[in-house]
Each structure stands twice: as structure tokens, then as C-alpha cells.
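Data file: protein_32.cif. Format and content: mmCIF, C-alpha atoms.
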data_query
#
loop_
_atom_site.label_atom_id
_atom_site.label_comp_id
_atom_site.auth_asym_id
_atom_site.auth_seq_id
_atom_site.Cartn_x
_atom_site.Cartn_y
_atom_site.Cartn_z
CA MET A 1 -93.94 -28.35 -69.17
CA SER A 2 -90.83 -30.54 -69.16
CA THR A 3 -87.99 -28.00 -69.25
CA PRO A 4 -85.75 -28.34 -66.15
CA SER A 5 -85.75 -25.50 -63.62
CA ALA A 6 -83.01 -22.94 -64.23
CA ILE A 7 -82.85 -22.03 -60.52
CA ILE A 8 -83.21 -24.29 -57.48
CA TRP A 9 -82.98 -23.25 -53.82
CA SER A 10 -82.41 -26.22 -51.54
CA ASN A 11 -80.78 -26.70 -48.12
CA ASN A 12 -79.72 -23.05 -47.95
CA GLN A 13 -77.79 -23.41 -51.18
CA LEU A 14 -78.39 -22.09 -54.67
CA GLN A 15 -78.23 -24.41 -57.67
CA LEU A 16 -78.07 -22.99 -61.18
CA LEU A 17 -78.55 -24.99 -64.35
CA ASP A 18 -75.39 -24.31 -66.37
CA GLN A 19 -76.92 -22.96 -69.57
CA ARG A 20 -73.52 -22.75 -71.26
CA VAL A 21 -73.42 -26.53 -71.77
CA LEU A 22 -77.02 -27.09 -72.86
CA PRO A 23 -78.40 -28.92 -74.74
CA THR A 24 -75.70 -31.60 -74.75
CA ARG A 25 -75.40 -31.73 -70.95
CA CYS A 26 -77.81 -30.89 -68.14
CA GLU A 27 -75.62 -29.92 -65.18
CA TYR A 28 -76.30 -27.93 -62.03
CA LEU A 29 -73.64 -25.83 -60.32
CA GLN A 30 -73.90 -25.16 -56.59
CA TYR A 31 -73.30 -21.79 -54.93
CA ASP A 32 -73.02 -20.63 -51.35
CA ASP A 33 -71.02 -17.46 -52.05
CA PRO A 34 -72.62 -14.26 -53.40
CA PHE A 35 -69.53 -13.20 -55.35
CA ALA A 36 -69.51 -16.53 -57.15
CA VAL A 37 -73.19 -15.94 -57.95
CA ALA A 38 -72.29 -12.57 -59.49
CA ASP A 39 -69.62 -14.29 -61.55
CA ALA A 40 -72.17 -16.88 -62.67
CA ILE A 41 -74.52 -14.15 -63.88
CA ARG A 42 -71.70 -12.40 -65.74
CA ALA A 43 -70.46 -15.68 -67.25
CA MET A 44 -73.96 -16.61 -68.54
CA VAL A 45 -74.41 -19.68 -66.34
CA VAL A 46 -77.80 -18.10 -65.73
CA ARG A 47 -79.26 -15.51 -68.12
CA GLY A 48 -82.52 -13.81 -68.98
CA ALA A 49 -83.70 -10.72 -67.12
CA PRO A 50 -86.28 -12.37 -64.79
CA ALA A 51 -83.91 -15.25 -63.95
CA ILE A 52 -81.11 -12.78 -63.21
CA GLY A 53 -83.38 -10.89 -60.80
CA ILE A 54 -84.37 -14.09 -58.98
CA THR A 55 -80.74 -15.19 -58.78
CA ALA A 56 -79.68 -11.80 -57.39
CA ALA A 57 -82.24 -12.09 -54.57
CA TYR A 58 -80.79 -15.49 -53.64
CA GLY A 59 -77.31 -13.94 -53.89
CA ILE A 60 -78.15 -11.33 -51.24
CA LEU A 61 -79.58 -14.09 -49.05
CA LEU A 62 -76.33 -16.05 -49.38
CA ALA A 63 -74.37 -12.93 -48.45
CA ALA A 64 -76.45 -12.52 -45.29
CA GLN A 65 -76.05 -16.18 -44.37
CA LYS A 66 -72.27 -15.98 -44.67
CA LEU A 67 -71.87 -13.26 -42.05
CA THR A 68 -70.51 -14.85 -38.88
CA THR A 69 -71.88 -12.08 -36.65
CA ALA A 70 -75.26 -10.52 -37.23
CA PRO A 71 -75.05 -6.72 -37.54
CA ALA A 72 -76.95 -4.78 -34.90
CA SER A 73 -78.94 -2.42 -37.13
CA ALA A 74 -80.38 -2.05 -40.59
CA ASP A 75 -77.62 0.41 -41.53
CA ALA A 76 -74.99 -2.03 -40.31
CA TRP A 77 -76.59 -4.81 -42.36
CA GLN A 78 -76.58 -2.60 -45.45
CA ASN A 79 -72.90 -1.78 -44.95
CA ALA A 80 -71.96 -5.42 -44.38
CA LEU A 81 -73.84 -6.56 -47.49
CA ARG A 82 -72.76 -3.68 -49.74
CA PRO A 83 -69.74 -5.45 -51.34
CA ALA A 84 -71.91 -8.41 -52.38
CA ARG A 85 -74.70 -6.12 -53.52
CA ASP A 86 -72.29 -4.07 -55.64
CA ALA A 87 -70.86 -7.22 -57.23
CA LEU A 88 -74.33 -8.44 -58.13
CA ALA A 89 -75.42 -5.02 -59.42
CA ASN A 90 -72.40 -4.81 -61.70
CA SER A 91 -72.82 -8.29 -63.19
CA ARG A 92 -75.21 -7.43 -66.08
CA PRO A 93 -76.02 -3.70 -66.39
CA THR A 94 -78.83 -3.84 -68.96
CA ALA A 95 -81.21 -6.22 -67.14
CA VAL A 96 -83.37 -3.95 -65.00
CA ASN A 97 -84.92 -6.91 -63.10
CA LEU A 98 -81.55 -7.26 -61.40
CA PHE A 99 -81.85 -3.84 -59.79
CA TRP A 100 -85.55 -4.31 -59.07
CA ALA A 101 -84.78 -7.46 -57.07
CA LEU A 102 -81.89 -5.81 -55.21
CA GLU A 103 -84.12 -2.88 -54.27
CA ARG A 104 -86.71 -5.28 -52.87
CA CYS A 105 -83.94 -6.83 -50.78
CA ASP A 106 -82.92 -3.34 -49.61
CA GLN A 107 -86.47 -2.72 -48.43
CA VAL A 108 -86.58 -5.98 -46.45
CA ILE A 109 -83.23 -5.13 -44.84
CA ALA A 110 -84.47 -1.65 -43.90
CA GLU A 111 -87.62 -3.09 -42.34
CA ASN A 112 -86.07 -6.08 -40.53
CA GLY A 113 -82.45 -5.18 -39.85
CA ASN A 114 -82.93 -4.41 -36.16
CA GLY A 115 -83.89 -7.91 -35.04
CA ASP A 116 -83.41 -11.61 -35.66
CA ALA A 117 -85.90 -11.90 -38.51
CA LEU A 118 -83.79 -10.62 -41.37
CA ILE A 119 -82.45 -13.88 -42.81
CA PRO A 120 -85.87 -15.60 -42.60
CA GLU A 121 -87.42 -12.54 -44.28
CA LEU A 122 -84.79 -12.47 -47.04
CA THR A 123 -85.42 -16.17 -47.57
CA LYS A 124 -89.15 -15.54 -47.76
CA LEU A 125 -88.60 -12.72 -50.26
CA ALA A 126 -86.31 -14.68 -52.60
CA VAL A 127 -88.61 -17.71 -52.63
CA HIS A 128 -91.59 -15.40 -53.19
CA ILE A 129 -89.93 -13.59 -56.12
CA HIS A 130 -89.17 -16.98 -57.67
CA ALA A 131 -92.71 -18.36 -57.30
CA GLU A 132 -94.27 -15.04 -58.25
CA ASP A 133 -92.34 -14.99 -61.52
CA ILE A 134 -93.79 -18.32 -62.63
CA GLU A 135 -97.34 -17.08 -61.99
CA ILE A 136 -96.57 -13.81 -63.79
CA ASN A 137 -95.23 -15.68 -66.82
CA GLN A 138 -98.37 -17.77 -67.07
CA ARG A 139 -100.51 -14.63 -67.05
CA ILE A 140 -98.31 -13.02 -69.70
CA GLY A 141 -98.61 -16.19 -71.74
CA ASP A 142 -102.40 -16.17 -71.64
CA PHE A 143 -102.70 -12.46 -72.48
CA GLY A 144 -100.24 -12.80 -75.35
CA ALA A 145 -101.90 -15.94 -76.70
CA SER A 146 -105.15 -14.00 -77.05
CA LEU A 147 -103.48 -11.98 -79.84
CA ILE A 148 -102.32 -14.99 -81.87
CA PRO A 149 -104.57 -15.99 -84.79
CA ALA A 150 -105.43 -19.63 -85.39
CA ASP A 151 -103.02 -21.70 -87.48
CA SER A 152 -100.15 -19.25 -86.92
CA ILE A 153 -96.48 -19.40 -87.65
CA VAL A 154 -94.50 -17.18 -85.28
CA TYR A 155 -90.87 -16.11 -85.10
CA THR A 156 -88.85 -15.73 -81.90
CA HIS A 157 -85.35 -14.60 -81.05
CA CYS A 158 -82.89 -15.46 -78.27
CA ASN A 159 -84.41 -17.40 -75.35
CA ALA A 160 -87.22 -15.93 -73.29
CA GLY A 161 -88.47 -19.24 -71.98
CA ALA A 162 -88.44 -21.20 -68.75
CA LEU A 163 -84.65 -21.11 -68.76
CA ALA A 164 -84.63 -17.29 -68.76
CA THR A 165 -87.22 -16.91 -66.00
CA GLY A 166 -88.50 -18.63 -62.89
CA GLY A 167 -90.34 -21.02 -65.20
CA TYR A 168 -92.75 -21.11 -68.19
CA GLY A 169 -91.25 -18.05 -69.90
CA THR A 170 -92.31 -14.69 -71.31
CA ALA A 171 -92.06 -14.90 -75.11
CA LEU A 172 -92.05 -18.71 -74.95
CA GLY A 173 -94.81 -18.46 -72.36
CA VAL A 174 -96.96 -16.79 -75.01
CA ILE A 175 -96.00 -19.52 -77.48
CA ARG A 176 -96.71 -22.25 -74.91
CA SER A 177 -100.15 -20.82 -74.13
CA ALA A 178 -100.98 -20.33 -77.82
CA HIS A 179 -99.88 -23.89 -78.59
CA ARG A 180 -102.05 -25.15 -75.72
CA ASP A 181 -104.96 -23.31 -77.36
CA GLY A 182 -104.26 -24.99 -80.71
CA LYS A 183 -103.15 -21.79 -82.46
CA ILE A 184 -99.52 -22.57 -83.31
CA ARG A 185 -98.66 -24.34 -86.56
CA GLY A 186 -94.94 -23.71 -86.22
CA VAL A 187 -92.21 -21.59 -84.66
CA PHE A 188 -89.10 -20.21 -86.31
CA ALA A 189 -86.24 -19.73 -83.82
CA GLY A 190 -83.32 -17.56 -84.85
CA GLU A 191 -79.97 -19.02 -83.79
CA THR A 192 -78.99 -15.84 -81.84
CA ARG A 193 -75.28 -15.28 -82.21
CA PRO A 194 -72.79 -15.27 -80.61
CA TRP A 195 -74.10 -17.37 -77.67
CA LEU A 196 -76.65 -19.28 -79.79
CA GLN A 197 -79.43 -19.08 -77.23
CA GLY A 198 -81.99 -19.69 -79.96
CA ALA A 199 -80.17 -22.76 -81.22
CA ARG A 200 -79.10 -24.27 -77.90
CA LEU A 201 -81.94 -23.24 -75.62
CA THR A 202 -85.13 -22.13 -77.40
CA SER A 203 -85.20 -24.96 -79.94
CA TRP A 204 -84.45 -27.43 -77.12
CA GLU A 205 -87.16 -26.01 -74.84
CA LEU A 206 -89.82 -26.12 -77.53
CA MET A 207 -88.86 -29.65 -78.52
CA GLN A 208 -89.20 -30.74 -74.89
CA ASP A 209 -92.84 -29.63 -75.04
CA GLY A 210 -93.58 -31.03 -78.48
CA ILE A 211 -94.03 -27.58 -80.03
CA PRO A 212 -92.99 -27.65 -83.71
CA VAL A 213 -89.87 -25.51 -84.11
CA THR A 214 -87.55 -24.79 -87.04
CA LEU A 215 -84.09 -23.42 -86.31
CA ALA A 216 -82.86 -20.74 -88.73
CA ILE A 217 -79.71 -18.69 -89.22
CA GLU A 218 -79.94 -14.98 -88.41
CA GLY A 219 -79.51 -13.91 -92.02
CA ALA A 220 -82.54 -15.92 -93.17
CA ALA A 221 -85.09 -13.84 -91.27
CA ALA A 222 -86.21 -11.63 -94.17
CA HIS A 223 -86.40 -14.58 -96.57
CA LEU A 224 -88.43 -16.63 -94.06
CA MET A 225 -90.86 -13.81 -93.37
CA ARG A 226 -91.46 -13.30 -97.08
CA GLU A 227 -91.92 -17.03 -97.73
CA HIS A 228 -93.80 -18.18 -94.61
CA LYS A 229 -95.62 -15.01 -93.47
CA PRO A 230 -95.47 -15.36 -89.67
CA SER A 231 -98.26 -13.53 -87.87
CA TRP A 232 -96.03 -12.31 -85.03
CA VAL A 233 -92.43 -11.86 -84.02
CA ILE A 234 -92.51 -12.59 -80.28
CA VAL A 235 -89.59 -11.60 -78.04
CA GLY A 236 -88.82 -10.88 -74.41
CA ALA A 237 -87.03 -7.83 -73.04
CA ASP A 238 -84.28 -6.97 -70.60
CA ARG A 239 -85.55 -3.44 -70.14
CA VAL A 240 -88.65 -1.59 -71.38
CA ALA A 241 -88.25 2.18 -71.31
CA ALA A 242 -90.82 4.73 -70.23
CA ASN A 243 -91.52 5.66 -73.85
CA GLY A 244 -92.11 2.03 -74.90
CA ASP A 245 -88.70 1.37 -76.45
CA ALA A 246 -87.51 -2.13 -75.57
CA ALA A 247 -83.98 -3.44 -75.06
CA ASN A 248 -83.58 -7.09 -75.96
CA LYS A 249 -80.93 -9.43 -77.31
CA ILE A 250 -78.90 -7.96 -80.16
CA GLY A 251 -80.67 -8.61 -83.44
CA THR A 252 -84.16 -7.83 -82.17
CA TYR A 253 -84.11 -4.36 -83.75
CA ASN A 254 -83.21 -5.94 -87.10
CA LEU A 255 -86.16 -8.32 -86.82
CA ALA A 256 -88.58 -5.51 -85.99
CA ILE A 257 -87.55 -3.62 -89.13
CA ILE A 258 -87.87 -6.74 -91.28
CA ALA A 259 -91.23 -7.58 -89.71
CA LYS A 260 -92.58 -4.11 -90.48
CA HIS A 261 -91.65 -4.56 -94.15
CA HIS A 262 -93.30 -7.97 -94.40
CA GLY A 263 -96.47 -7.24 -92.45
CA ALA A 264 -95.66 -9.31 -89.37
CA LYS A 265 -96.52 -7.79 -86.00
CA VAL A 266 -94.03 -7.44 -83.15
CA MET A 267 -94.86 -8.46 -79.58
CA VAL A 268 -92.67 -7.80 -76.55
CA ALA A 269 -93.59 -10.06 -73.62
CA ALA A 270 -92.21 -8.79 -70.32
CA PRO A 271 -93.25 -8.44 -66.67
CA THR A 272 -93.64 -4.98 -65.21
CA SER A 273 -90.44 -5.59 -63.22
CA THR A 274 -88.65 -5.18 -66.56
CA PHE A 275 -89.96 -1.63 -67.03
CA ASP A 276 -87.81 1.41 -66.31
CA ALA A 277 -90.02 4.47 -65.90
CA LEU A 278 -86.98 6.76 -65.54
CA LEU A 279 -85.26 6.22 -68.87
CA ASP A 280 -86.05 6.41 -72.56
CA GLY A 281 -84.65 3.88 -75.00
CA PRO A 282 -81.53 5.82 -76.07
CA GLN A 283 -80.50 6.13 -72.41
CA ILE A 284 -80.58 2.40 -71.67
CA PRO A 285 -77.04 1.16 -70.89
CA ILE A 286 -75.98 -1.44 -73.43
CA GLU A 287 -73.64 -4.12 -72.14
CA GLN A 288 -70.51 -4.72 -74.22
CA ARG A 289 -69.37 -8.32 -74.10
CA PRO A 290 -65.80 -9.65 -74.49
CA ALA A 291 -64.27 -9.75 -77.97
CA GLU A 292 -63.54 -13.46 -77.64
CA GLU A 293 -67.25 -14.21 -77.97
CA ILE A 294 -67.09 -13.27 -81.66
CA THR A 295 -63.42 -13.88 -82.49
CA HIS A 296 -63.66 -17.47 -81.24
CA SER A 297 -66.15 -20.30 -81.68
CA PHE A 298 -66.15 -23.07 -79.08
CA GLY A 299 -62.60 -22.13 -78.12
CA GLN A 300 -61.27 -21.98 -81.68
CA ARG A 301 -60.19 -18.70 -83.25
CA VAL A 302 -62.31 -17.79 -86.29
CA ALA A 303 -61.21 -14.16 -86.78
CA PRO A 304 -57.80 -12.59 -87.40
CA GLU A 305 -55.73 -11.74 -84.36
CA ASN A 306 -55.98 -8.12 -83.24
CA VAL A 307 -59.12 -7.45 -85.29
CA VAL A 308 -61.21 -4.61 -83.86
CA THR A 309 -64.51 -5.91 -82.48
CA ASN A 310 -67.83 -4.48 -81.37
CA ASN A 311 -69.93 -6.93 -79.38
CA PRO A 312 -73.05 -5.31 -77.87
CA ALA A 313 -75.22 -7.81 -76.03
CA PHE A 314 -78.46 -5.89 -76.66
CA ASP A 315 -80.10 -3.40 -78.97
CA VAL A 316 -83.12 -1.13 -78.49
CA THR A 317 -86.23 -1.48 -80.63
CA PRO A 318 -88.17 1.82 -80.93
CA ALA A 319 -91.75 1.74 -79.70
CA GLN A 320 -92.94 2.74 -83.17
CA LEU A 321 -91.95 -0.73 -84.40
CA ILE A 322 -93.71 -2.58 -81.56
CA ASP A 323 -97.37 -3.53 -81.98
CA ALA A 324 -97.98 -4.81 -78.46
CA ILE A 325 -96.21 -5.05 -75.13
CA VAL A 326 -97.73 -7.80 -73.00
CA THR A 327 -97.34 -7.77 -69.22
CA GLU A 328 -98.88 -9.77 -66.39
CA TYR A 329 -101.63 -7.12 -66.25
CA GLY A 330 -102.65 -7.05 -69.88
CA ILE A 331 -101.72 -5.62 -73.27
CA ILE A 332 -100.34 -2.23 -74.24
CA HIS A 333 -101.33 -1.80 -77.87
CA GLN A 334 -99.18 0.52 -80.03
CA PRO A 335 -97.10 1.53 -76.98
CA ASP A 336 -96.00 5.09 -76.32
CA ARG A 337 -95.06 7.06 -73.21
CA ALA A 338 -98.59 7.89 -72.16
CA LYS A 339 -99.80 4.29 -72.53
CA VAL A 340 -96.79 2.80 -70.74
CA ILE A 341 -97.02 5.19 -67.78
CA ALA A 342 -100.78 4.71 -67.53
CA HIS A 343 -100.32 0.92 -67.55
CA LEU A 344 -97.71 1.07 -64.80
CA ASN A 345 -99.67 3.54 -62.67
CA ALA A 346 -102.83 1.46 -62.93
CA ASN A 347 -101.03 -1.73 -61.94
CA LYS A 348 -98.44 -0.74 -59.34
CA ARG A 349 -96.81 -3.86 -57.92
CA LYS A 350 -96.94 -4.33 -54.17
#

What does the file become when written as C-alpha cells?
Amino acid sequence: MSTPSAIIWSNNQLQLLDQRVLPTRCEYLQYDDPFAVADAIRAMVVRGAPAIGITAAYGILLAAQKLTTAPASADAWQNALRPARDALANSRPTAVNLFWALERCDQVIAENGNGDALIPELTKLAVHIHAEDIEINQRIGDFGASLIPADSIVYTHCNAGALATGGYGTALGVIRSAHRDGKIRGVFAGETRPWLQGARLTSWELMQDGIPVTLAIEGAAAHLMREHKPSWVIVGADRVAANGDAANKIGTYNLAIIAKHHGAKVMVAAPTSTFDALLDGPQIPIEQRPAEEITHSFGQRVAPENVVTNNPAFDVTPAQLIDAIVTEYGIIHQPDRAKVIAHLNANKRK
């Protein structure tokens, strides 16, 4: 795989590939301040639920490193790190991996806050979460690829590739594994407005790996499914609810409806860290993004001044429209509450 790493930890400093300027420039920004990391998540320097979780773990580590005096207890550490933790938690409210990573940091602080081992343990945790995610993606990719028929065309939306994760990708991980197995004839990538993750990132990633990709405008999805008959629509997720509903980039719900009409199946590829066993789909918080993202294009106004806007970053696809959810532990066919809870209970992460 030749896609550059989205996240690099080196010399006690975090480097993030600035995904806002891809594919024309490949630039890394350096961070040693947790509040700047939270701003980077909010500003889409780094995006994708797994990548956000990894970045948040490094953000807590940076916060601990910046303290000039080590607190004397776990409670004192928690209090000292709370402002940075709150800033990170508030950066992208829909991506549940963010909170999962912060809770893992909380546990390490509770267990190691009374001695000198906390910063080494937080370092170990962040590096582990990063490496673990790559392995998880590869397992998701192989499970998902087992569902893809030979000589398939598939459709994907947004970017759930190496750039959105620790590496390899979830939805694009499935596509990578299926292509490795000789099953992929072509991939349609929707452009994904307003940030154009499909155009700027997914098409670029697939081209780096020599996987045949065709970029398409959002409004062409129904026409393309009728004409080219993709076997699967394959997407990632920012949160999978207890009942199997899945929150993903805005436009995913549209695709699931269109796919159902045209006989294409819908696959959600996501690690179990993306699951939220406490909420159903309608309860998932949906991030509202700034109006300028749709009133302007590359800094130029394209809409009338003072027009009312509605710019949700995500939508929720009901479980009834999803044929398979693929995790690092296997496949949930025709997901519903009972199947999701059973899958999570049988594969509790350590």
C-alpha cells in the first residue's frame, strides 16, 4: 500500500497529514499542544472516526507531557488534563471512536496516576491504539472481501481508507483486500460534498494502489447503479448504534435507499470501537458544520448572502437497509439489535 500515513508520532511530537490540501500537496503539520490537536480535528486536518480516536490519544499524551510539574495522584492528573480532554471531546461529537480512545486514556490515568509511569504508559497506549487499528483494518478487509463476488463493480462514499484510519482502511480496506483477491473490476467513488473526500482522497488513494476507480458526482448514483449494477455499496461509519443503525458521511442514507431499489447490497465496514451500545440511530448526535462549507467553494462565494443553510456532516442509515456490518471479528448479516449486542458480547475488546 502506497498511501502516506495520516498520523505519525516521532520525537514526542505528533505529525498530521493535512488532508485539506490533498491531493495537490502532501504536507505534514506538527503539533505539541493538545488544544491545537483539537482544533486540527475540528478543522478536518485529520478526519475519519478511527483516525480521530488515534489522534485524540496522542492529544492526551501531549497534554500530559506539557505539564511542568507531575500531579501527585490519579485524581490530580485527571483534573490537570481535564481542559485538554474536554477540548478533544468537543472537537467532533458524532465520531464515537474519539470518546472510546479518551476513555482508554482515562483508565490508564486511573491505574498509573500515583507514580512515575503515567507518561510512558500513555505513550504505550497511544502507539498501541495506532498499531492495533492497522491490524483491525486488515481483518475487516479480509472478512468484507469474502462477501464480494468475482468480477465486481462496487460503489463507495466519502473516504474510509488509510487516510481515515491508522492505515489500510475500513471500507477501502475491504476494497483493497477484494482487489488483492482479483475480485474488483472497478470502483465508483462519489465526490462527497461539501469537502469532496471522495474526489480528493478516495480516488487518490485507490489510484496510488492501482485499483481502477471512476469518480462520479453525487447525483449520478441512481443512474450508475441502474447502468453498471454494482454488487455492493461499501462505506465506513462514525458510529454504529445498538440497533444496527449506522451514522456515516451525509449522503450515505441516500445511497442505501437507491441501492435497495437497484438490487445492490449495502456493507458497513467498521471496528467495534465505532459501536455505541447505549444509543439507537435516532439518538446519535449529528454534527452541524459551518454554513461557509456550502455557501463557498474554495474561498469563493457560490450562494446568495444571508441564505439559510443546513449542513449536517452525517446521516443515519437504518439497519433495515444494511445487508452486512463487517467488524474485525466477523460479519453481522442483516443486522438488528439482538445480532449487534450478541456480536459485541461475544467479542469484548480487552

Exercise. Any idea what's packed within 10 Å of stretch 335-342 of chain A, counting only C-alpha atoms, ignoring anything in its chain fewer than 4 positions away? Could you give it as a list of chain:residue names?
Worked result: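 So the residues in contact are A:Val240, A:Ala241, A:Ala242, A:Asn243, A:Gly244, A:Asp245, A:Phe275, A:Ala277, A:Asp280, A:Pro318, A:Ala319, A:Gln320, A:Leu321, A:Ile322, A:Asp323, A:Ala324, A:Ile325, A:Ile331, A:Ala346, A:Asn347.
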
Output file for the residues above (C-alpha atoms, as a short mmCIF file (atom, residue, chain, number, x, y, z; two decimals), in the coordinates of the input):
data_model
loop_
_atom_site.label_atom_id
_atom_site.label_comp_id
_atom_site.auth_asym_id
_atom_site.auth_seq_id
_atom_site.Cartn_x
_atom_site.Cartn_y
_atom_site.Cartn_z
CA VAL A 240 -88.65 -1.59 -71.38
CA ALA A 241 -88.25 2.18 -71.31
CA ALA A 242 -90.82 4.73 -70.23
CA ASN A 243 -91.52 5.66 -73.85
CA GLY A 244 -92.11 2.03 -74.90
CA ASP A 245 -88.70 1.37 -76.45
CA PHE A 275 -89.96 -1.63 -67.03
CA ALA A 277 -90.02 4.47 -65.90
CA ASP A 280 -86.05 6.41 -72.56
CA PRO A 318 -88.17 1.82 -80.93
CA ALA A 319 -91.75 1.74 -79.70
CA GLN A 320 -92.94 2.74 -83.17
CA LEU A 321 -91.95 -0.73 -84.40
CA ILE A 322 -93.71 -2.58 -81.56
CA ASP A 323 -97.37 -3.53 -81.98
CA ALA A 324 -97.98 -4.81 -78.46
CA ILE A 325 -96.21 -5.05 -75.13
CA ILE A 331 -101.72 -5.62 -73.27
CA ALA A 346 -102.83 1.46 -62.93
CA ASN A 347 -101.03 -1.73 -61.94
#

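Residues with any atom within 7 Å of A:Pro23, counting all atoms listed in the file and excluding same-chain neighbours fewer than 5 positions away, are Arg200, Leu201 and Trp204 of chain A.
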
Problem set entry | Exercise: stretch 177-189 of chain A partners within 6 Å, only C-alpha atoms, chain neighbours under 4 positions left out, as a ChimeraX atom specification | /A:141-142,145,150-157,198,212-215

For this session: List the neighbours of A:Glu218 out to 7 Å using only C-alpha atoms; skip same-chain residues closer than 3 positions along the sequence, and give me the result as a VMD selection string.
Result: chain A and resid 190 to 192 221

For this session: Just say which residues the PyMOL selection byres ((chain A and resi 164) around 8) picks in this file, as a PyMOL selection string.
Result: chain A and resi 6+46-52+159-163+165-167+169

For this session: May I ask which of the residues A:Pro194, A:Gly59, A:Pro282, A:Pro312 is the closest one to A:Thr123, counting all atoms listed in the file?
Result: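 With all atoms listed in the file as the atom set, the closest residue is A:Gly59.
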